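Enquirer: My questions will all concern the structure given below.
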Amino acid sequence: MDERASQLAFAQQVLEAQPFSVHLGARVTAFGDGAAVLELDVRDELRQQNGFVHGGVLSYAADNALTFAAGAAVGPAVLTAGFTIDYLRPAQGEVLRARAQVVRPGRTRVVCRCDLLMVDSAGEETLCAVAQGTIAVAGGPTKAG
């Protein structure tokens, strides 16, 4: 197994250790070099009353994709410190794809951004939301006193 395939397998293993991610059926489809892609198939129970993918599902995908991108840059000991999300249009399609990348890696914080795209049956992507987050490097340097 080459390095990239090994990294992707590790990322998927980490995702599968999250019961909520397993419940949603999420998968990591790309991981490495400060970037990550998380996908999940849209099911009826992930929609809100108007038939669009629920904003909470989009937020989940952004949160995890941002954190996985940071982990791809600085290692697996990372936690979300916070993120913002802007919904651009109703999320309609068959697959939700969250594509995240590191903007700036730091010793204690990593800034990342994420595009949330809906993929239709023809494979066409439509941007439905964008997110930016700050990811804390766990166990990083602490200030005494």
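Naming works like this for the structure tokens: A, B, ... for the chains as they're shown, residue 1 at the start of each chain, ligands 1 onward in shown order.
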Please provide as a PDB file with N, CA, C and O atoms, in the first residue's frame all residues within 12 Å of Tyr87 (chain A), with the sequence filter that same-chain residues fewer than 3 positions apart are discarded (counting only C-alpha atoms).
Expert:
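Writing the result to result_7.pdb gives the following:
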```
ATOM      1  N   PHE A  52     -34.986  19.734   1.587  1.00  0.00           N
ATOM      2  CA  PHE A  52     -33.573  20.053   1.433  1.00  0.00           C
ATOM      3  C   PHE A  52     -32.772  19.342   2.527  1.00  0.00           C
ATOM      4  O   PHE A  52     -33.295  19.051   3.601  1.00  0.00           O
ATOM      5  N   VAL A  53     -31.494  19.096   2.269  1.00  0.00           N
ATOM      6  CA  VAL A  53     -30.635  18.514   3.303  1.00  0.00           C
ATOM      7  C   VAL A  53     -30.590  19.499   4.476  1.00  0.00           C
ATOM      8  O   VAL A  53     -30.409  20.702   4.293  1.00  0.00           O
ATOM      9  N   HIS A  54     -30.781  18.967   5.664  1.00  0.00           N
ATOM     10  CA  HIS A  54     -30.846  19.788   6.875  1.00  0.00           C
ATOM     11  C   HIS A  54     -29.524  20.516   7.107  1.00  0.00           C
ATOM     12  O   HIS A  54     -28.441  19.957   6.890  1.00  0.00           O
ATOM     13  N   GLY A  55     -29.605  21.752   7.568  1.00  0.00           N
ATOM     14  CA  GLY A  55     -28.411  22.544   7.850  1.00  0.00           C
ATOM     15  C   GLY A  55     -27.497  21.901   8.868  1.00  0.00           C
ATOM     16  O   GLY A  55     -26.282  22.069   8.815  1.00  0.00           O
ATOM     17  N   GLY A  56     -28.065  21.150   9.805  1.00  0.00           N
ATOM     18  CA  GLY A  56     -27.243  20.453  10.794  1.00  0.00           C
ATOM     19  C   GLY A  56     -26.367  19.391  10.159  1.00  0.00           C
ATOM     20  O   GLY A  56     -25.248  19.141  10.615  1.00  0.00           O
ATOM     21  N   VAL A  57     -26.861  18.761   9.094  1.00  0.00           N
ATOM     22  CA  VAL A  57     -26.067  17.760   8.377  1.00  0.00           C
ATOM     23  C   VAL A  57     -24.917  18.458   7.652  1.00  0.00           C
ATOM     24  O   VAL A  57     -23.778  17.973   7.657  1.00  0.00           O
ATOM     25  N   LEU A  58     -25.198  19.616   7.053  1.00  0.00           N
ATOM     26  CA  LEU A  58     -24.139  20.381   6.394  1.00  0.00           C
ATOM     27  C   LEU A  58     -23.092  20.820   7.415  1.00  0.00           C
ATOM     28  O   LEU A  58     -21.888  20.745   7.154  1.00  0.00           O
ATOM     29  N   SER A  59     -23.548  21.259   8.586  1.00  0.00           N
ATOM     30  CA  SER A  59     -22.612  21.675   9.634  1.00  0.00           C
ATOM     31  C   SER A  59     -21.757  20.516  10.116  1.00  0.00           C
ATOM     32  O   SER A  59     -20.551  20.678  10.337  1.00  0.00           O
ATOM     33  N   ALA A  62     -19.113  19.925   7.478  1.00  0.00           N
ATOM     34  CA  ALA A  62     -18.080  20.970   7.515  1.00  0.00           C
ATOM     35  C   ALA A  62     -17.151  20.761   8.697  1.00  0.00           C
ATOM     36  O   ALA A  62     -15.926  20.800   8.549  1.00  0.00           O
ATOM     37  N   THR A  84     -17.507  28.782  11.402  1.00  0.00           N
ATOM     38  CA  THR A  84     -18.697  29.484  10.920  1.00  0.00           C
ATOM     39  C   THR A  84     -19.100  28.847   9.601  1.00  0.00           C
ATOM     40  O   THR A  84     -18.263  28.289   8.871  1.00  0.00           O
ATOM     41  N   PRO A  90     -30.321  26.271  -1.045  1.00  0.00           N
ATOM     42  CA  PRO A  90     -30.827  25.005  -0.502  1.00  0.00           C
ATOM     43  C   PRO A  90     -30.021  23.815  -1.045  1.00  0.00           C
ATOM     44  O   PRO A  90     -29.660  23.778  -2.222  1.00  0.00           O
ATOM     45  N   ALA A  91     -29.741  22.875  -0.165  1.00  0.00           N
ATOM     46  CA  ALA A  91     -28.923  21.710  -0.518  1.00  0.00           C
ATOM     47  C   ALA A  91     -29.815  20.616  -1.095  1.00  0.00           C
ATOM     48  O   ALA A  91     -30.601  20.003  -0.380  1.00  0.00           O
ATOM     49  N   ASP A 115     -15.641  23.925   1.305  1.00  0.00           N
ATOM     50  CA  ASP A 115     -16.768  24.094   0.388  1.00  0.00           C
ATOM     51  C   ASP A 115     -17.687  22.900   0.567  1.00  0.00           C
ATOM     52  O   ASP A 115     -17.223  21.750   0.579  1.00  0.00           O
ATOM     53  N   LEU A 116     -18.987  23.161   0.705  1.00  0.00           N
ATOM     54  CA  LEU A 116     -19.988  22.103   0.818  1.00  0.00           C
ATOM     55  C   LEU A 116     -20.762  22.062  -0.489  1.00  0.00           C
ATOM     56  O   LEU A 116     -21.390  23.059  -0.880  1.00  0.00           O
ATOM     57  N   LEU A 117     -20.660  20.934  -1.144  1.00  0.00           N
ATOM     58  CA  LEU A 117     -21.217  20.787  -2.482  1.00  0.00           C
ATOM     59  C   LEU A 117     -22.243  19.663  -2.504  1.00  0.00           C
ATOM     60  O   LEU A 117     -22.056  18.638  -1.841  1.00  0.00           O
ATOM     61  N   LEU A 127     -22.332  24.288  -5.387  1.00  0.00           N
ATOM     62  CA  LEU A 127     -21.908  24.832  -4.109  1.00  0.00           C
ATOM     63  C   LEU A 127     -23.140  25.304  -3.334  1.00  0.00           C
ATOM     64  O   LEU A 127     -23.928  26.100  -3.846  1.00  0.00           O
ATOM     65  N   CYS A 128     -23.318  24.792  -2.105  1.00  0.00           N
ATOM     66  CA  CYS A 128     -24.490  25.187  -1.316  1.00  0.00           C
ATOM     67  C   CYS A 128     -24.112  25.884  -0.017  1.00  0.00           C
ATOM     68  O   CYS A 128     -24.948  26.565   0.574  1.00  0.00           O
ATOM     69  N   ALA A 129     -22.876  25.743   0.447  1.00  0.00           N
ATOM     70  CA  ALA A 129     -22.451  26.410   1.672  1.00  0.00           C
ATOM     71  C   ALA A 129     -20.932  26.473   1.708  1.00  0.00           C
ATOM     72  O   ALA A 129     -20.247  25.699   1.034  1.00  0.00           O
ATOM     73  N   VAL A 130     -20.424  27.410   2.496  1.00  0.00           N
ATOM     74  CA  VAL A 130     -18.991  27.524   2.736  1.00  0.00           C
ATOM     75  C   VAL A 130     -18.775  27.657   4.238  1.00  0.00           C
ATOM     76  O   VAL A 130     -19.623  28.200   4.957  1.00  0.00           O
ATOM     77  N   ALA A 131     -17.653  27.147   4.710  1.00  0.00           N
ATOM     78  CA  ALA A 131     -17.342  27.211   6.137  1.00  0.00           C
ATOM     79  C   ALA A 131     -15.870  27.540   6.321  1.00  0.00           C
ATOM     80  O   ALA A 131     -15.039  27.238   5.461  1.00  0.00           O
TER      81      ALA A 131
END
```
Enquirer: Using DSSP on the backbone, list every residue of region 31-131 of chain A that comes out as helix (DSSP H, G or I), and give them as a ChimeraX atom specification.
Expert: /A:44-46,55-74
Enquirer: Of the candidates A:Ala35, A:Val110, A:Ala81, A:Val119, which shows the shortest atom-to-atom distance to Gly93 (chain A), using only C-alpha atoms?
Expert: A:Val119
Enquirer: Among chain A, which ones does DSSP place in strand (DSSP E or B), written as a PyMOL selection string?
Expert: chain A and resi 27-32+35-41+47+53+78-87+95-105+109-119+125-137
Enquirer: By how many Å are CA of Gln7 (chain A) and CA of Val95 (chain A) apart?
Expert: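 A separation of 23.1 Å between them.
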Enquirer: Taking only C-alpha atoms into account, which of A:Ile135, A:Val102, A:Val42, A:Val22 comes nearest Ala72 (chain A)?
Expert: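 Looking at the shortest contact to Ala72 (chain A), the residue is A:Val102.
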Enquirer: Given the choices A:Phe20, A:Phe10, A:Tyr60, A:Phe83, which gets closest to Gly32 (chain A) if the distance is worked out from only C-alpha atoms?
Expert: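 Checking each of A:Phe20, A:Phe10, A:Tyr60, A:Phe83 against Gly32 (chain A), counting only C-alpha atoms, the winner is A:Phe10.
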Enquirer: Can you measure CA of Glu39 (chain A) to CA of Glu94 (chain A) for me? One decimal in Å is fine.
Expert: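 A separation of 10.5 Å between them.
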Enquirer: Out of A:Ala26, A:Leu79, A:Ile85, A:Ala70, which residue has the shortest atom-to-atom distance to Arg97 (chain A) when counting only C-alpha atoms?
Expert: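 Closest to Arg97 (chain A), using only C-alpha atoms: A:Ala26.
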Enquirer: For CA of Pro105 (chain A) and CA of Asp33 (chain A), determine how far apart the two atoms are, in Å to one decimal place.
Expert: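 CA of Pro105 (chain A) sits 11.3 Å away from CA of Asp33 (chain A).
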Enquirer: Near Gly25 (chain A), within 12 Å and counting only C-alpha atoms, which residues show up once chain neighbours fewer than 3 positions away are dropped, as a PDB file with C-alpha atoms, in the first residue's frame?
Expert:
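Result file part_28.pdb:
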```pdb
ATOM      1  CA  GLN A  12     -11.383   6.318   7.330  1.00  0.00           C
ATOM      2  CA  LEU A  15     -14.013   8.369  11.037  1.00  0.00           C
ATOM      3  CA  GLU A  16     -15.388   4.886  11.702  1.00  0.00           C
ATOM      4  CA  GLN A  18     -17.155   8.108  15.550  1.00  0.00           C
ATOM      5  CA  PRO A  19     -20.576   6.505  16.174  1.00  0.00           C
ATOM      6  CA  PHE A  20     -22.429   9.534  14.771  1.00  0.00           C
ATOM      7  CA  SER A  21     -20.407   9.425  11.547  1.00  0.00           C
ATOM      8  CA  VAL A  22     -21.174   5.719  11.200  1.00  0.00           C
ATOM      9  CA  VAL A  28     -13.466  10.040   3.765  1.00  0.00           C
ATOM     10  CA  LEU A  38     -15.826  13.833   3.330  1.00  0.00           C
ATOM     11  CA  GLU A  39     -18.939  12.498   1.613  1.00  0.00           C
ATOM     12  CA  LEU A  40     -22.275  11.074   2.586  1.00  0.00           C
ATOM     13  CA  ASP A  41     -25.229   9.789   0.612  1.00  0.00           C
ATOM     14  CA  VAL A  42     -28.399  11.800   1.120  1.00  0.00           C
ATOM     15  CA  ARG A  43     -31.285   9.865   2.667  1.00  0.00           C
ATOM     16  CA  LEU A  46     -31.344  13.797   6.529  1.00  0.00           C
ATOM     17  CA  VAL A  57     -26.067  17.760   8.377  1.00  0.00           C
ATOM     18  CA  ALA A  61     -19.881  17.623   7.316  1.00  0.00           C
ATOM     19  CA  VAL A  95     -24.385  13.137  -2.325  1.00  0.00           C
ATOM     20  CA  LEU A  96     -23.095  15.772   0.065  1.00  0.00           C
TER      21      LEU A  96
END
```
